[in-house]
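Source file: data.tsv. Holds: TSV, C-alpha atoms and all ligand atoms.
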```
chain	number	residue	atom	x	y	z
F	1	MET	CA	0.21	169.74	69.08
F	2	ALA	CA	-3.09	171.53	68.45
F	3	THR	CA	-5.96	171.08	70.90
F	4	ILE	CA	-9.43	170.19	69.61
F	5	ARG	CA	-11.44	172.57	71.79
F	6	ALA	CA	-10.73	176.26	71.51
F	7	LEU	CA	-8.65	177.72	74.29
F	8	LEU	CA	-10.08	181.16	73.70
F	9	ALA	CA	-13.69	182.19	74.14
F	10	GLN	CA	-15.01	185.16	72.17
F	11	GLY	CA	-16.75	188.09	73.79
F	12	ASN	CA	-19.16	188.54	76.67
F	13	GLY	CA	-21.49	191.25	77.93
F	14	LYS	CA	-18.70	193.42	79.25
F	15	LEU	CA	-15.96	192.77	76.70
F	16	GLY	CA	-18.19	193.10	73.63
F	17	GLN	CA	-17.89	190.57	70.83
F	18	SER	CA	-14.52	191.54	69.37
F	19	ILE	CA	-12.32	190.60	72.33
F	20	HIS	CA	-11.25	187.04	73.06
F	21	HIS	CA	-10.53	185.74	76.56
F	22	PHE	CA	-8.89	182.83	78.34
F	23	ASP	CA	-10.11	181.91	81.81
F	24	LEU	CA	-9.34	179.72	84.81
F	25	PRO	CA	-11.23	178.69	87.96
F	26	SER	CA	-11.38	181.62	90.34
F	27	ILE	CA	-9.88	181.72	93.85
F	28	ALA	CA	-7.91	178.47	93.49
F	29	THR	CA	-5.73	180.14	90.84
F	30	CYS	CA	-5.54	183.50	92.62
F	31	PRO	CA	-2.49	183.41	94.94
F	32	GLY	CA	-2.59	187.19	95.40
F	33	ARG	CA	-6.27	187.36	96.35
F	34	SER	CA	-7.38	189.47	99.27
F	35	ARG	CA	-10.26	188.96	101.65
F	36	ALA	CA	-11.96	191.93	100.03
F	37	CYS	CA	-11.83	190.59	96.47
F	38	GLU	CA	-12.70	187.03	97.47
F	39	ALA	CA	-15.78	188.30	99.31
F	40	VAL	CA	-17.23	189.93	96.17
F	41	CYS	CA	-15.70	187.72	93.46
F	42	TYR	CA	-18.14	187.72	90.52
F	43	ALA	CA	-16.36	184.69	89.08
F	44	SER	CA	-17.51	182.48	91.93
F	45	ARG	CA	-21.19	183.38	91.49
F	46	GLY	CA	-24.02	183.30	88.99
F	47	ARG	CA	-23.25	181.70	85.64
F	48	PHE	CA	-19.75	180.76	86.83
F	49	ARG	CA	-21.39	178.12	89.06
F	50	ALA	CA	-23.03	176.36	86.11
F	51	ASP	CA	-21.59	172.90	85.42
F	52	LEU	CA	-20.84	173.78	81.83
F	53	VAL	CA	-18.77	176.80	82.85
F	54	ARG	CA	-17.02	175.03	85.75
F	55	ASN	CA	-16.08	172.13	83.50
F	56	ARG	CA	-14.67	174.46	80.88
F	57	LEU	CA	-12.62	176.38	83.45
F	58	ARG	CA	-11.21	173.13	84.84
F	59	TRP	CA	-10.32	172.05	81.31
F	60	CYS	CA	-8.63	175.40	80.68
F	61	LEU	CA	-6.57	174.93	83.85
F	62	GLN	CA	-5.45	171.51	82.65
F	63	GLN	CA	-4.47	173.00	79.31
F	64	SER	CA	-2.55	175.79	81.00
F	65	ARG	CA	-0.40	173.17	82.76
F	66	ARG	CA	0.63	171.49	79.51
F	67	GLU	CA	4.20	171.94	78.38
F	68	ASP	CA	2.91	173.00	74.96
F	69	PHE	CA	0.28	175.46	76.26
F	70	ALA	CA	2.08	178.46	74.76
F	71	ASP	CA	2.50	176.69	71.40
F	72	CYS	CA	-1.22	175.84	71.32
F	73	MET	CA	-2.23	179.38	72.28
F	74	VAL	CA	0.06	180.95	69.66
F	75	ASP	CA	-1.30	178.58	67.03
F	76	GLU	CA	-4.90	179.47	67.86
F	77	ILE	CA	-4.28	183.22	67.95
F	78	ARG	CA	-2.54	183.16	64.58
F	79	ARG	CA	-5.06	180.82	62.97
F	80	LYS	CA	-8.03	182.93	64.05
F	81	GLY	CA	-6.36	186.29	63.50
F	82	VAL	CA	-7.16	187.34	67.06
F	83	LEU	CA	-6.50	191.04	67.64
F	84	VAL	CA	-7.23	191.55	71.37
F	85	VAL	CA	-7.08	189.05	74.24
F	86	ARG	CA	-8.13	189.59	77.82
F	87	ILE	CA	-6.37	187.12	80.03
F	88	HIS	CA	-8.57	185.92	82.87
F	89	VAL	CA	-12.10	187.19	83.10
F	90	SER	CA	-11.93	184.53	85.82
F	91	GLY	CA	-8.78	183.33	87.59
F	92	ASP	CA	-5.27	184.74	87.73
F	93	ILE	CA	-1.59	184.04	87.12
F	94	TYR	CA	-1.14	181.15	89.55
F	95	ASN	CA	2.60	180.47	89.35
F	96	VAL	CA	5.83	181.44	87.60
F	97	PRO	CA	5.88	178.72	84.90
F	98	TYR	CA	2.36	179.70	83.86
F	99	ALA	CA	3.34	183.38	83.77
F	100	GLU	CA	6.34	182.51	81.61
F	101	LYS	CA	4.14	180.65	79.14
F	102	TRP	CA	2.12	183.83	78.60
F	103	LEU	CA	5.31	185.85	78.26
F	104	SER	CA	6.30	183.49	75.46
F	105	VAL	CA	2.89	183.98	73.79
F	106	PHE	CA	3.23	187.78	74.01
F	107	HIS	CA	6.65	187.60	72.40
F	108	ARG	CA	5.48	185.38	69.56
F	109	CYS	CA	2.25	187.31	68.80
F	110	PRO	CA	3.45	190.92	68.50
F	111	ALA	CA	0.44	191.98	66.39
F	112	THR	CA	-2.04	190.92	69.08
F	113	ARG	CA	-2.84	193.16	72.05
F	114	PHE	CA	-3.13	191.46	75.45
F	115	PHE	CA	-4.42	192.89	78.71
F	116	LEU	CA	-4.77	191.51	82.20
F	117	TYR	CA	-5.75	192.56	85.70
F	118	THR	CA	-3.90	190.68	88.40
F	119	ARG	CA	-3.40	190.54	92.14
F	120	SER	CA	-0.49	188.14	91.65
F	121	TRP	CA	1.80	191.17	91.99
F	122	ARG	CA	1.57	190.30	95.69
F	123	VAL	CA	3.64	187.16	95.04
F	124	PRO	CA	7.19	188.45	94.58
F	125	GLU	CA	8.44	185.73	92.22
F	126	ILE	CA	5.41	186.17	89.94
F	127	ALA	CA	5.77	189.96	90.09
F	128	VAL	CA	9.18	189.61	88.43
F	129	VAL	CA	7.53	188.08	85.35
F	130	LEU	CA	4.65	190.59	85.41
F	131	GLU	CA	7.20	193.38	85.20
F	132	GLN	CA	8.70	191.75	82.10
F	133	MET	CA	5.21	191.54	80.59
F	134	ALA	CA	4.60	195.23	81.26
F	135	GLU	CA	7.71	196.15	79.30
F	136	ARG	CA	6.19	194.81	76.10
F	137	ASP	CA	4.43	197.14	73.62
F	138	ASN	CA	1.63	194.65	72.98
F	139	VAL	CA	0.73	194.04	76.65
F	140	ARG	CA	-1.23	196.15	79.15
F	141	VAL	CA	-0.74	195.02	82.74
F	142	TRP	CA	-3.08	196.27	85.47
F	143	TYR	CA	-2.32	195.58	89.11
F	144	SER	CA	-5.60	195.02	90.92
F	145	ALA	CA	-5.80	196.57	94.37
F	146	ASP	CA	-8.32	197.21	97.12
F	147	PRO	CA	-8.39	198.46	100.71
F	148	ASP	CA	-6.99	195.12	101.93
F	149	THR	CA	-4.02	195.03	99.55
F	150	GLY	CA	-3.33	198.74	99.59
F	151	LEU	CA	-1.59	200.28	96.60
F	152	PRO	CA	1.47	198.53	95.18
F	153	GLU	CA	4.58	200.45	96.10
F	154	PRO	CA	6.36	201.21	93.88
F	155	VAL	CA	4.24	200.72	90.76
F	156	PRO	CA	6.55	199.24	88.11
F	157	THR	CA	7.11	200.99	84.80
F	158	GLY	CA	4.31	200.30	82.35
F	159	VAL	CA	1.88	199.05	85.01
F	160	ARG	CA	-1.38	200.80	85.90
F	161	VAL	CA	-3.50	200.19	88.98
F	162	ALA	CA	-7.15	199.12	88.96
F	163	TRP	CA	-8.80	199.84	92.29
F	164	MET	CA	-11.81	197.87	93.54
F	165	GLN	CA	-14.45	199.91	95.33
F	166	SER	CA	-16.77	197.67	97.31
F	167	SER	CA	-18.46	200.23	99.57
F	168	GLU	CA	-19.46	203.88	99.41
F	169	ASP	CA	-16.83	204.64	102.03
F	170	ASP	CA	-13.89	203.05	100.21
F	171	PRO	CA	-11.31	205.47	98.86
F	172	GLN	CA	-11.01	205.69	95.07
F	173	LEU	CA	-7.39	205.30	94.12
F	174	GLY	CA	-5.19	204.10	91.27
F	175	ASN	CA	-5.73	204.74	87.56
F	176	LEU	CA	-9.16	203.12	87.20
F	177	VAL	CA	-11.95	202.25	89.63
F	178	PHE	CA	-14.10	199.14	89.35
F	179	ARG	CA	-17.24	199.25	91.43
F	180	VAL	CA	-18.99	196.17	92.77
F	181	ARG	CA	-22.39	195.55	91.25
F	182	ARG	CA	-24.27	197.02	94.22
F	183	LEU	CA	-22.68	200.45	93.66
F	184	ARG	CA	-23.11	200.66	89.92
F	185	THR	CA	-26.43	202.46	89.96
F	186	GLU	CA	-25.04	205.07	92.32
F	187	PRO	CA	-23.84	208.43	90.97
F	188	ILE	CA	-20.06	208.53	90.54
F	189	GLY	CA	-19.93	211.17	93.27
F	190	ARG	CA	-16.58	212.51	94.28
F	191	VAL	CA	-14.45	210.79	91.66
F	192	GLY	CA	-12.52	213.16	89.43
F	193	LEU	CA	-9.42	211.14	88.67
F	194	PRO	CA	-9.06	208.19	88.51
F	195	ILE	CA	-11.90	207.30	86.16
F	196	VAL	CA	-14.62	204.83	87.01
F	197	CYS	CA	-14.96	202.07	84.43
F	198	PRO	CA	-17.72	203.50	82.20
F	199	HIS	CA	-19.30	200.07	81.78
F	200	GLU	CA	-20.13	200.30	85.47
F	201	THR	CA	-21.85	203.70	85.43
F	202	PRO	CA	-25.51	204.44	84.63
F	203	ASP	CA	-24.52	206.64	81.66
F	204	GLY	CA	-22.10	204.07	80.28
F	205	HIS	CA	-24.69	201.37	80.65
F	206	ASP	CA	-27.23	203.45	78.71
F	207	GLN	CA	-24.66	204.04	75.96
F	208	ASN	CA	-23.71	200.35	75.67
F	209	VAL	CA	-20.10	200.95	76.62
F	210	ASN	CA	-18.05	197.76	76.55
F	211	CYS	CA	-14.32	197.05	76.50
F	212	GLY	CA	-14.30	196.72	72.72
F	213	ASN	CA	-15.68	200.22	72.11
F	214	CYS	CA	-14.03	201.83	75.17
F	215	GLY	CA	-10.46	200.64	74.82
F	216	HIS	CA	-9.16	202.39	77.93
F	217	CYS	CA	-7.60	199.27	79.35
F	218	TRP	CA	-6.07	197.77	76.24
F	219	SER	CA	-5.54	200.37	73.47
F	301	LIG	S1	-12.48	201.08	81.40
F	301	LIG	FE1	-13.21	200.48	79.36
F	301	LIG	S2	-11.75	198.91	78.65
F	301	LIG	FE2	-11.46	199.13	80.89
F	301	LIG	S3	-12.76	197.55	81.82
F	301	LIG	FE3	-14.00	199.46	81.71
F	301	LIG	S4	-15.11	199.32	79.73
F	301	LIG	FE4	-13.43	197.81	79.68
```

Could I get this file's structure written as C-alpha cells?
Ligand code: SF4
Amino acid sequence: MATIRALLAQGNGKLGQSIHHFDLPSIATCPGRSRACEAVCYASRGRFRADLVRNRLRWCLQQSRREDFADCMVDEIRRKGVLVVRIHVSGDIYNVPYAEKWLSVFHRCPATRFFLYTRSWRVPEIAVVLEQMAERDNVRVWYSADPDTGLPEPVPTGVRVAWMQSSEDDPQLGNLVFRVRRLRTEPIGRVGLPIVCPHETPDGHDQNVNCGNCGHCWS
C-alpha cells in the first residue's frame, strides 16, 4: 500500500540536490552510539529540534516499523526514478528487522545506489545484516568509528571506515575523516591518508563540494 507523504526527502546543504535521504530520530534509533558521537551529534541540534523536523522524523520511524515499509520504499524509488539514496542523515539501523527491510529494498532496486554510515556494527546481530548489505554492488556501507568505539576489527569485506575527529588531538584513522564543526576551519594538518571529507575543509567549502559532486562515499 502506497503512503501519501513521501518517505524520501531530496537534498540538503551537504548532500546537494540530487541525492535523496531517509531519516529517523537520532540517539533513540542509534543502538551502537558512543559517548563521543552522542556528545557532538548534529542531528540533535539546530534545525533538527524544530517541531516540523521532529514530527517528520517520528513519522518516518512509524513508517519504518510497518510490515510493508520495504514495499512502500521500493515503490517510491521506482516511481521517482531515484538514483542515489543516503540512508540516515539522522538516526541509524535500530534493529535486525529494520535492517532486513533495507536489504530487501537494495535487492529490489539494483539500479539505485545506496550509502550509509552506521555505528550499529557494534551490535553483533545487526552487524550480520550489514555485512550482507556490503556484499551488494549497489550499496556502500561505512562503519562509523571514533576514539570511544575504536576501529572495527576485522573490517568486513566491502566495508570502509569513517572516523570522527572531535578534537585536534584525536588520531585520524580509517578511510575517511569527518571533523566536527568546530574543527572545520582548521587546516587539515597532518592528514595524508585517510582523506578528510572535502565538504568539511576550507578549500572544499569555497569550491561548493557536496556529496553529489564529490561521490567519494557512494560512487
Ligand atoms: S567525502 Fe564526499 S561523498 Fe563523502 S561525505 Fe564528504 S562530500 Fe560527501

**Asked** Which is closer to ligand LIG 301 (chain F) than all the others in F:Asn55, F:Thr201, F:Gln165, F:Ser104, using only C-alpha atoms and all ligand atoms?
**Response** F:Thr201

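Near Phe22 (chain F), within a cut-off of 6 Å and counting all atoms listed in the file, sit the residues Leu8, Ile87 and His88 of chain F, with same-chain residues fewer than 4 positions away left out.
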
Could you take the residues named above and write them with C-alpha atoms, as an mmCIF file, in the coordinates of the input?
```
data_model
loop_
_atom_site.group_PDB
_atom_site.id
_atom_site.type_symbol
_atom_site.label_atom_id
_atom_site.label_comp_id
_atom_site.auth_asym_id
_atom_site.auth_seq_id
_atom_site.Cartn_x
_atom_site.Cartn_y
_atom_site.Cartn_z
ATOM 1 C CA LEU F 8 -10.080 181.160 73.700
ATOM 2 C CA ILE F 87 -6.370 187.120 80.030
ATOM 3 C CA HIS F 88 -8.570 185.920 82.870
#
```

**Asked** CA of Leu24 (chain F) and CA of Ala70 (chain F), how far apart in Å?
**Response** 15.3 Å

List as a JSON list (two decimals) with C-alpha atoms, in the coordinates of the input the protein and nucleic acid residues lying within 9 Å of ligand LIG 301 (chain F), with all atoms listed in the file counted.
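Everything below was put into out_12.json:
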```json
[["chain", "number", "residue", "atom", "x", "y", "z"],
["F", 14, "LYS", "CA", -18.70, 193.42, 79.25],
["F", 15, "LEU", "CA", -15.96, 192.77, 76.70],
["F", 176, "LEU", "CA", -9.16, 203.12, 87.20],
["F", 177, "VAL", "CA", -11.95, 202.25, 89.63],
["F", 178, "PHE", "CA", -14.10, 199.14, 89.35],
["F", 195, "ILE", "CA", -11.90, 207.30, 86.16],
["F", 196, "VAL", "CA", -14.62, 204.83, 87.01],
["F", 197, "CYS", "CA", -14.96, 202.07, 84.43],
["F", 198, "PRO", "CA", -17.72, 203.50, 82.20],
["F", 199, "HIS", "CA", -19.30, 200.07, 81.78],
["F", 200, "GLU", "CA", -20.13, 200.30, 85.47],
["F", 204, "GLY", "CA", -22.10, 204.07, 80.28],
["F", 209, "VAL", "CA", -20.10, 200.95, 76.62],
["F", 210, "ASN", "CA", -18.05, 197.76, 76.55],
["F", 211, "CYS", "CA", -14.32, 197.05, 76.50],
["F", 212, "GLY", "CA", -14.30, 196.72, 72.72],
["F", 213, "ASN", "CA", -15.68, 200.22, 72.11],
["F", 214, "CYS", "CA", -14.03, 201.83, 75.17],
["F", 215, "GLY", "CA", -10.46, 200.64, 74.82],
["F", 216, "HIS", "CA", -9.16, 202.39, 77.93],
["F", 217, "CYS", "CA", -7.60, 199.27, 79.35],
["F", 218, "TRP", "CA", -6.07, 197.77, 76.24],
["F", 219, "SER", "CA", -5.54, 200.37, 73.47]]
```

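Atom pair CA of Leu7 (chain F) / CA of Arg108 (chain F) has a distance of 16.8 Å (rounded to one decimal).
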
**Asked** What lies within 7 Å of region 141-143 of chain F using only C-alpha atoms, ignoring chain neighbours under 3 positions off, as a ChimeraX atom specification?
**Response** /F:115-119,121,134,159-162

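Taking CA of Asn12 (chain F) as the reference point, CA of Phe48 (chain F) is found at 12.8 Å.
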
Taking all atoms of region 16-25 of chain F that appear in the file, build a box with edges along x, y and z, extend it by 8 Å on every side, and state its centre and edge lengths in Å to one decimal, as lines of an AutoDock Vina configuration file.
```
center_x = -13.5
center_y = 185.9
center_z = 78.7
size_x = 25.3
size_y = 30.4
size_z = 34.6
```
